[in-house]
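Shown here: structure.cif, mmCIF, C-alpha atoms.
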data_input
loop_
_atom_site.label_atom_id
_atom_site.label_comp_id
_atom_site.auth_asym_id
_atom_site.auth_seq_id
_atom_site.Cartn_x
_atom_site.Cartn_y
_atom_site.Cartn_z
CA MET A 1 59.72 -6.57 2.94
CA PRO A 2 57.13 -5.95 5.65
CA GLY A 3 54.90 -8.77 6.82
CA TYR A 4 51.11 -8.63 6.70
CA THR A 5 48.31 -10.78 8.02
CA VAL A 6 45.30 -10.79 5.72
CA THR A 7 42.11 -12.13 7.27
CA VAL A 8 39.76 -13.54 4.63
CA THR A 9 36.16 -14.17 5.71
CA VAL A 10 34.18 -16.36 3.31
CA ARG A 11 30.39 -16.41 3.71
CA LEU A 12 27.62 -18.10 1.76
CA LYS A 13 25.68 -15.63 -0.39
CA GLU A 14 22.24 -14.73 0.88
CA GLY A 15 19.73 -17.32 -0.26
CA VAL A 16 22.24 -20.19 -0.43
CA LEU A 17 21.18 -22.98 1.92
CA ASP A 18 23.50 -23.54 4.90
CA PRO A 19 22.68 -26.95 6.40
CA GLU A 20 25.62 -26.75 8.84
CA ALA A 21 24.30 -23.52 10.31
CA GLU A 22 20.74 -24.88 10.48
CA THR A 23 21.94 -27.99 12.30
CA THR A 24 23.97 -25.89 14.74
CA GLN A 25 21.02 -23.58 15.39
CA ARG A 26 18.70 -26.52 16.06
CA ALA A 27 21.23 -28.11 18.41
CA LEU A 28 21.47 -24.84 20.39
CA GLU A 29 17.67 -24.62 20.53
CA ARG A 30 17.51 -28.18 21.86
CA LEU A 31 19.87 -27.04 24.63
CA GLY A 32 17.32 -24.35 25.52
CA PHE A 33 18.86 -21.30 23.81
CA GLU A 34 16.69 -18.92 21.77
CA ILE A 35 18.28 -17.60 18.57
CA ALA A 36 16.63 -15.60 15.80
CA ASP A 37 19.21 -16.69 13.22
CA LEU A 38 22.64 -18.26 12.94
CA ARG A 39 25.05 -17.94 10.01
CA SER A 40 28.40 -19.65 9.64
CA ALA A 41 31.51 -18.45 7.83
CA ASP A 42 35.04 -19.68 7.19
CA GLN A 43 37.97 -17.51 8.10
CA PHE A 44 41.53 -17.80 6.83
CA GLU A 45 44.44 -15.81 8.27
CA LEU A 46 47.22 -15.52 5.70
CA ASP A 47 50.69 -14.37 6.79
CA LEU A 48 52.63 -13.03 3.84
CA THR A 49 55.28 -10.50 2.92
CA ALA A 50 54.57 -7.81 0.36
CA GLY A 51 55.86 -4.39 -0.66
CA ASP A 52 52.89 -2.61 0.91
CA ALA A 53 49.41 -3.24 2.29
CA ASP A 54 47.74 -2.76 -1.12
CA SER A 55 49.81 -5.45 -2.77
CA ALA A 56 49.24 -7.78 0.21
CA ARG A 57 45.50 -7.27 -0.25
CA GLN A 58 45.74 -7.86 -3.99
CA ARG A 59 47.67 -11.12 -3.56
CA ALA A 60 45.21 -12.34 -0.92
CA GLU A 61 42.32 -11.44 -3.22
CA GLU A 62 43.86 -13.55 -6.02
CA MET A 63 44.26 -16.49 -3.61
CA THR A 64 40.67 -16.09 -2.50
CA GLU A 65 39.32 -16.06 -6.05
CA ARG A 66 41.53 -18.96 -7.15
CA LEU A 67 40.96 -21.27 -4.18
CA LEU A 68 39.41 -20.05 -0.93
CA ALA A 69 36.00 -18.93 -2.18
CA ASN A 70 33.65 -20.13 -4.87
CA PRO A 71 32.22 -16.97 -6.47
CA THR A 72 29.02 -18.77 -7.47
CA ILE A 73 27.96 -19.30 -3.87
CA HIS A 74 30.30 -17.20 -1.70
CA ASP A 75 30.86 -13.58 -0.79
CA TYR A 76 34.11 -12.64 0.90
CA GLU A 77 35.78 -9.76 2.67
CA LEU A 78 39.43 -9.04 3.40
CA ALA A 79 41.09 -7.20 6.29
CA VAL A 80 44.81 -6.37 6.12
CA ASP A 81 46.95 -5.86 9.24
CA GLU A 82 50.66 -5.22 9.41
CA ARG A 83 52.41 -7.71 11.69
CA MET B 84 14.03 -6.13 23.56
CA PRO B 85 16.87 -4.91 21.33
CA GLY B 86 18.46 -7.28 18.84
CA TYR B 87 22.14 -8.09 18.79
CA THR B 88 24.45 -9.94 16.45
CA VAL B 89 27.23 -11.73 18.29
CA THR B 90 30.13 -12.88 16.11
CA VAL B 91 31.91 -15.87 17.61
CA THR B 92 35.33 -16.74 16.16
CA VAL B 93 36.61 -20.19 17.10
CA ARG B 94 40.30 -20.93 16.50
CA LEU B 95 42.47 -23.92 17.24
CA LYS B 96 44.80 -23.30 20.19
CA GLU B 97 48.43 -22.73 19.31
CA GLY B 98 50.20 -26.05 18.91
CA VAL B 99 47.09 -27.99 17.86
CA LEU B 100 47.61 -29.49 14.41
CA ASP B 101 45.41 -28.02 11.67
CA PRO B 102 45.50 -30.40 8.67
CA GLU B 103 42.83 -28.41 6.80
CA ALA B 104 44.96 -25.26 6.98
CA GLU B 105 48.10 -27.17 5.96
CA THR B 106 46.33 -28.67 2.96
CA THR B 107 44.99 -25.25 1.93
CA GLN B 108 48.43 -23.66 2.29
CA ARG B 109 50.04 -26.39 0.17
CA ALA B 110 47.36 -26.03 -2.50
CA LEU B 111 48.00 -22.27 -2.68
CA GLU B 112 51.75 -22.91 -2.93
CA ARG B 113 51.15 -25.33 -5.79
CA LEU B 114 49.28 -22.51 -7.54
CA GLY B 115 52.44 -20.39 -7.21
CA PHE B 116 51.56 -18.24 -4.17
CA GLU B 117 54.09 -17.68 -1.37
CA ILE B 118 52.66 -17.71 2.15
CA ALA B 119 54.57 -17.71 5.44
CA ASP B 120 51.66 -19.25 7.36
CA LEU B 121 47.95 -19.93 7.05
CA ARG B 122 45.51 -20.49 9.92
CA SER B 123 41.84 -21.34 9.65
CA ALA B 124 38.98 -20.45 11.99
CA ASP B 125 35.23 -20.98 12.17
CA GLN B 126 32.94 -18.03 12.58
CA PHE B 127 29.34 -18.04 13.77
CA GLU B 128 27.07 -14.99 13.61
CA LEU B 129 24.29 -15.33 16.17
CA ASP B 130 21.24 -13.02 15.96
CA LEU B 131 19.49 -12.84 19.31
CA THR B 132 17.44 -10.51 21.47
CA ALA B 133 18.60 -9.59 24.96
CA GLY B 134 18.09 -6.86 27.55
CA ASP B 135 21.48 -5.31 26.83
CA ALA B 136 24.80 -6.00 25.11
CA ASP B 137 26.32 -7.57 28.23
CA SER B 138 23.59 -10.16 28.54
CA ALA B 139 23.78 -10.87 24.78
CA ARG B 140 27.51 -11.52 25.20
CA GLN B 141 26.91 -13.73 28.23
CA ARG B 142 24.30 -15.85 26.42
CA ALA B 143 26.58 -16.22 23.38
CA GLU B 144 29.45 -17.22 25.65
CA GLU B 145 27.31 -19.97 27.21
CA MET B 146 26.37 -21.23 23.71
CA THR B 147 30.02 -21.22 22.72
CA GLU B 148 31.13 -23.16 25.78
CA ARG B 149 28.25 -25.64 25.49
CA LEU B 150 28.43 -26.34 21.77
CA LEU B 151 30.41 -24.12 19.39
CA ALA B 152 33.91 -24.54 20.83
CA ASN B 153 35.76 -27.41 22.47
CA PRO B 154 37.78 -25.81 25.29
CA THR B 155 40.42 -28.55 25.12
CA ILE B 156 41.54 -27.54 21.64
CA HIS B 157 39.87 -24.18 20.87
CA ASP B 158 40.23 -20.54 21.84
CA TYR B 159 37.39 -18.18 20.98
CA GLU B 160 36.54 -14.51 20.89
CA LEU B 161 33.20 -12.70 20.81
CA ALA B 162 32.20 -9.39 19.24
CA VAL B 163 28.76 -7.89 20.00
CA ASP B 164 26.99 -5.49 17.63
CA GLU B 165 23.55 -3.99 17.99
CA ARG B 166 21.42 -4.64 14.91
#
structure tokens encoding of this file:
Amino acid sequence: MPGYTVTVTVRLKEGVLDPEAETTQRALERLGFEIADLRSADQFELDLTAGDADSARQRAEEMTERLLANPTIHDYELAVDER
Amino acid sequence: MPGYTVTVTVRLKEGVLDPEAETTQRALERLGFEIADLRSADQFELDLTAGDADSARQRAEEMTERLLANPTIHDYELAVDER
């Protein structure tokens, strides 16, 4: 079966407070950088084998909904690449 | 001045242990998923204004080297989009 790498990007939904990003932004400003906004996200690269790209995406989506993201506070997007 | 969003992806260099990724992979396997490998990365989206895309990239690169990444253990890549 072909191998795929699915990149899962997990972001906080708009309106959810992100203290890590705020702290990072303030630290950069203290170093003299000007930034209008800073958002942070977690990325997971999953290597898996699957019959085709669609089923790789579907399996990665199940993993994301079961474990990687919390649907109450997170949005996520998936990108599938053959490897 | 035009506004840019620079997406900075910070990954552990190959060979650097990633206990968070290992724990996540094991948790997914306990849920019944098969994965060949899992890698984690941090992503920062920086909104800033700059004269052009090149200078936006250069400023983001300075921020990354000063604060967002540790060159001893991290590799990083930047993507610049006009917003």
Give the superposed chain A as a PDB file with C-alpha atoms, in the frame of the given file, the fit being least squares on chain B over all ordered C-alpha pairs.
ATOM      1  CA  MET A   1      14.056  -6.121  23.574  1.00  0.00           C
ATOM      2  CA  PRO A   2      16.875  -4.913  21.333  1.00  0.00           C
ATOM      3  CA  GLY A   3      18.456  -7.273  18.837  1.00  0.00           C
ATOM      4  CA  TYR A   4      22.161  -8.090  18.784  1.00  0.00           C
ATOM      5  CA  THR A   5      24.459  -9.942  16.441  1.00  0.00           C
ATOM      6  CA  VAL A   6      27.242 -11.738  18.279  1.00  0.00           C
ATOM      7  CA  THR A   7      30.121 -12.883  16.093  1.00  0.00           C
ATOM      8  CA  VAL A   8      31.918 -15.876  17.607  1.00  0.00           C
ATOM      9  CA  THR A   9      35.332 -16.736  16.146  1.00  0.00           C
ATOM     10  CA  VAL A  10      36.603 -20.192  17.101  1.00  0.00           C
ATOM     11  CA  ARG A  11      40.295 -20.925  16.502  1.00  0.00           C
ATOM     12  CA  LEU A  12      42.476 -23.927  17.251  1.00  0.00           C
ATOM     13  CA  LYS A  13      44.805 -23.296  20.195  1.00  0.00           C
ATOM     14  CA  GLU A  14      48.429 -22.728  19.301  1.00  0.00           C
ATOM     15  CA  GLY A  15      50.197 -26.051  18.928  1.00  0.00           C
ATOM     16  CA  VAL A  16      47.084 -27.988  17.868  1.00  0.00           C
ATOM     17  CA  LEU A  17      47.606 -29.493  14.419  1.00  0.00           C
ATOM     18  CA  ASP A  18      45.401 -28.020  11.672  1.00  0.00           C
ATOM     19  CA  PRO A  19      45.495 -30.398   8.691  1.00  0.00           C
ATOM     20  CA  GLU A  20      42.832 -28.390   6.816  1.00  0.00           C
ATOM     21  CA  ALA A  21      44.951 -25.256   6.974  1.00  0.00           C
ATOM     22  CA  GLU A  22      48.102 -27.158   5.970  1.00  0.00           C
ATOM     23  CA  THR A  23      46.323 -28.660   2.970  1.00  0.00           C
ATOM     24  CA  THR A  24      44.985 -25.250   1.940  1.00  0.00           C
ATOM     25  CA  GLN A  25      48.424 -23.664   2.287  1.00  0.00           C
ATOM     26  CA  ARG A  26      50.034 -26.383   0.169  1.00  0.00           C
ATOM     27  CA  ALA A  27      47.348 -26.035  -2.499  1.00  0.00           C
ATOM     28  CA  LEU A  28      47.992 -22.263  -2.677  1.00  0.00           C
ATOM     29  CA  GLU A  29      51.741 -22.892  -2.921  1.00  0.00           C
ATOM     30  CA  ARG A  30      51.149 -25.325  -5.785  1.00  0.00           C
ATOM     31  CA  LEU A  31      49.287 -22.497  -7.540  1.00  0.00           C
ATOM     32  CA  GLY A  32      52.440 -20.382  -7.200  1.00  0.00           C
ATOM     33  CA  PHE A  33      51.551 -18.242  -4.162  1.00  0.00           C
ATOM     34  CA  GLU A  34      54.088 -17.689  -1.371  1.00  0.00           C
ATOM     35  CA  ILE A  35      52.661 -17.713   2.161  1.00  0.00           C
ATOM     36  CA  ALA A  36      54.562 -17.707   5.444  1.00  0.00           C
ATOM     37  CA  ASP A  37      51.650 -19.256   7.348  1.00  0.00           C
ATOM     38  CA  LEU A  38      47.939 -19.927   7.055  1.00  0.00           C
ATOM     39  CA  ARG A  39      45.499 -20.482   9.924  1.00  0.00           C
ATOM     40  CA  SER A  40      41.828 -21.333   9.638  1.00  0.00           C
ATOM     41  CA  ALA A  41      38.979 -20.449  11.981  1.00  0.00           C
ATOM     42  CA  ASP A  42      35.229 -20.978  12.171  1.00  0.00           C
ATOM     43  CA  GLN A  43      32.942 -18.023  12.572  1.00  0.00           C
ATOM     44  CA  PHE A  44      29.342 -18.044  13.762  1.00  0.00           C
ATOM     45  CA  GLU A  45      27.064 -14.996  13.611  1.00  0.00           C
ATOM     46  CA  LEU A  46      24.280 -15.321  16.171  1.00  0.00           C
ATOM     47  CA  ASP A  47      21.242 -13.023  15.963  1.00  0.00           C
ATOM     48  CA  LEU A  48      19.494 -12.830  19.305  1.00  0.00           C
ATOM     49  CA  THR A  49      17.454 -10.501  21.469  1.00  0.00           C
ATOM     50  CA  ALA A  50      18.615  -9.592  24.950  1.00  0.00           C
ATOM     51  CA  GLY A  51      18.095  -6.869  27.542  1.00  0.00           C
ATOM     52  CA  ASP A  52      21.485  -5.302  26.828  1.00  0.00           C
ATOM     53  CA  ALA A  53      24.800  -5.992  25.111  1.00  0.00           C
ATOM     54  CA  ASP A  54      26.329  -7.586  28.236  1.00  0.00           C
ATOM     55  CA  SER A  55      23.597 -10.172  28.536  1.00  0.00           C
ATOM     56  CA  ALA A  56      23.788 -10.874  24.780  1.00  0.00           C
ATOM     57  CA  ARG A  57      27.510 -11.526  25.204  1.00  0.00           C
ATOM     58  CA  GLN A  58      26.917 -13.742  28.226  1.00  0.00           C
ATOM     59  CA  ARG A  59      24.313 -15.861  26.419  1.00  0.00           C
ATOM     60  CA  ALA A  60      26.575 -16.219  23.376  1.00  0.00           C
ATOM     61  CA  GLU A  61      29.453 -17.214  25.652  1.00  0.00           C
ATOM     62  CA  GLU A  62      27.302 -19.975  27.205  1.00  0.00           C
ATOM     63  CA  MET A  63      26.375 -21.239  23.719  1.00  0.00           C
ATOM     64  CA  THR A  64      30.019 -21.207  22.720  1.00  0.00           C
ATOM     65  CA  GLU A  65      31.125 -23.175  25.774  1.00  0.00           C
ATOM     66  CA  ARG A  66      28.241 -25.647  25.499  1.00  0.00           C
ATOM     67  CA  LEU A  67      28.436 -26.337  21.762  1.00  0.00           C
ATOM     68  CA  LEU A  68      30.417 -24.121  19.391  1.00  0.00           C
ATOM     69  CA  ALA A  69      33.913 -24.553  20.818  1.00  0.00           C
ATOM     70  CA  ASN A  70      35.756 -27.391  22.475  1.00  0.00           C
ATOM     71  CA  PRO A  71      37.783 -25.795  25.292  1.00  0.00           C
ATOM     72  CA  THR A  72      40.412 -28.540  25.129  1.00  0.00           C
ATOM     73  CA  ILE A  73      41.533 -27.533  21.651  1.00  0.00           C
ATOM     74  CA  HIS A  74      39.877 -24.178  20.877  1.00  0.00           C
ATOM     75  CA  ASP A  75      40.227 -20.541  21.824  1.00  0.00           C
ATOM     76  CA  TYR A  76      37.391 -18.188  20.976  1.00  0.00           C
ATOM     77  CA  GLU A  77      36.543 -14.516  20.883  1.00  0.00           C
ATOM     78  CA  LEU A  78      33.210 -12.711  20.798  1.00  0.00           C
ATOM     79  CA  ALA A  79      32.197  -9.395  19.228  1.00  0.00           C
ATOM     80  CA  VAL A  80      28.767  -7.906  19.991  1.00  0.00           C
ATOM     81  CA  ASP A  81      26.994  -5.500  17.617  1.00  0.00           C
ATOM     82  CA  GLU A  82      23.550  -4.014  17.990  1.00  0.00           C
ATOM     83  CA  ARG A  83      21.409  -4.645  14.911  1.00  0.00           C
TER      84      ARG A  83
END
Selection in question (the file shown): the PyMOL selection byres ((chain A) within 9 of (chain B)). Which residues does it include, as a PDB file with C-alpha atoms, keeping the file's coordinate frame?
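File result_6.pdb, as written:
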ATOM      1  CA  THR A   9      36.160 -14.170   5.710  1.00  0.00           C
ATOM      2  CA  ALA A  21      24.300 -23.520  10.310  1.00  0.00           C
ATOM      3  CA  THR A  24      23.970 -25.890  14.740  1.00  0.00           C
ATOM      4  CA  GLN A  25      21.020 -23.580  15.390  1.00  0.00           C
ATOM      5  CA  ALA A  27      21.230 -28.110  18.410  1.00  0.00           C
ATOM      6  CA  LEU A  28      21.470 -24.840  20.390  1.00  0.00           C
ATOM      7  CA  LEU A  31      19.870 -27.040  24.630  1.00  0.00           C
ATOM      8  CA  PHE A  33      18.860 -21.300  23.810  1.00  0.00           C
ATOM      9  CA  GLU A  34      16.690 -18.920  21.770  1.00  0.00           C
ATOM     10  CA  ILE A  35      18.280 -17.600  18.570  1.00  0.00           C
ATOM     11  CA  ALA A  36      16.630 -15.600  15.800  1.00  0.00           C
ATOM     12  CA  ASP A  37      19.210 -16.690  13.220  1.00  0.00           C
ATOM     13  CA  LEU A  38      22.640 -18.260  12.940  1.00  0.00           C
ATOM     14  CA  ARG A  39      25.050 -17.940  10.010  1.00  0.00           C
ATOM     15  CA  SER A  40      28.400 -19.650   9.640  1.00  0.00           C
ATOM     16  CA  ALA A  41      31.510 -18.450   7.830  1.00  0.00           C
ATOM     17  CA  ASP A  42      35.040 -19.680   7.190  1.00  0.00           C
ATOM     18  CA  GLN A  43      37.970 -17.510   8.100  1.00  0.00           C
ATOM     19  CA  PHE A  44      41.530 -17.800   6.830  1.00  0.00           C
ATOM     20  CA  GLU A  45      44.440 -15.810   8.270  1.00  0.00           C
ATOM     21  CA  LEU A  46      47.220 -15.520   5.700  1.00  0.00           C
ATOM     22  CA  ASP A  47      50.690 -14.370   6.790  1.00  0.00           C
ATOM     23  CA  LEU A  48      52.630 -13.030   3.840  1.00  0.00           C
ATOM     24  CA  THR A  49      55.280 -10.500   2.920  1.00  0.00           C
ATOM     25  CA  ARG A  59      47.670 -11.120  -3.560  1.00  0.00           C
ATOM     26  CA  MET A  63      44.260 -16.490  -3.610  1.00  0.00           C
ATOM     27  CA  ARG A  66      41.530 -18.960  -7.150  1.00  0.00           C
ATOM     28  CA  LEU A  67      40.960 -21.270  -4.180  1.00  0.00           C
ATOM     29  CA  LEU A  68      39.410 -20.050  -0.930  1.00  0.00           C
TER      30      LEU A  68
END
Legend entry - Interatomic distance (Å, one decimal) between atom CA of Val163 of chain B and atom CA of Gly134 of chain B: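 Separation of atom CA of Val163 of chain B and atom CA of Gly134 of chain B: 13.1 Å.
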Inset, instruction - Can you work out the spacing between atom CA of Leu95 of chain B and atom CA of Asp54 of chain A in Å, to one decimal? - result: 28.5 Å
Legend entry - Distance of atom CA of Ala136 of chain B from atom CA of Pro85 of chain B, expressed in Å to one decimal place: 8.9 Å
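Distances to Asp81 of chain A were evaluated for A:Glu20, A:Glu61, A:Asp52, A:Glu14 using all atoms listed in the file, and the minimum falls at A:Asp52.
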Please define a box with edges along x, y and z of the file around all atoms of segment 151-154 of chain B given in the file, extend it by 4 Å on each side, and return its centre and edge lengths in Å to one decimal, as AutoDock Vina command-line options.
--center_x 34.1 --center_y -25.8 --center_z 22.3 --size_x 15.4 --size_y 11.3 --size_z 13.9
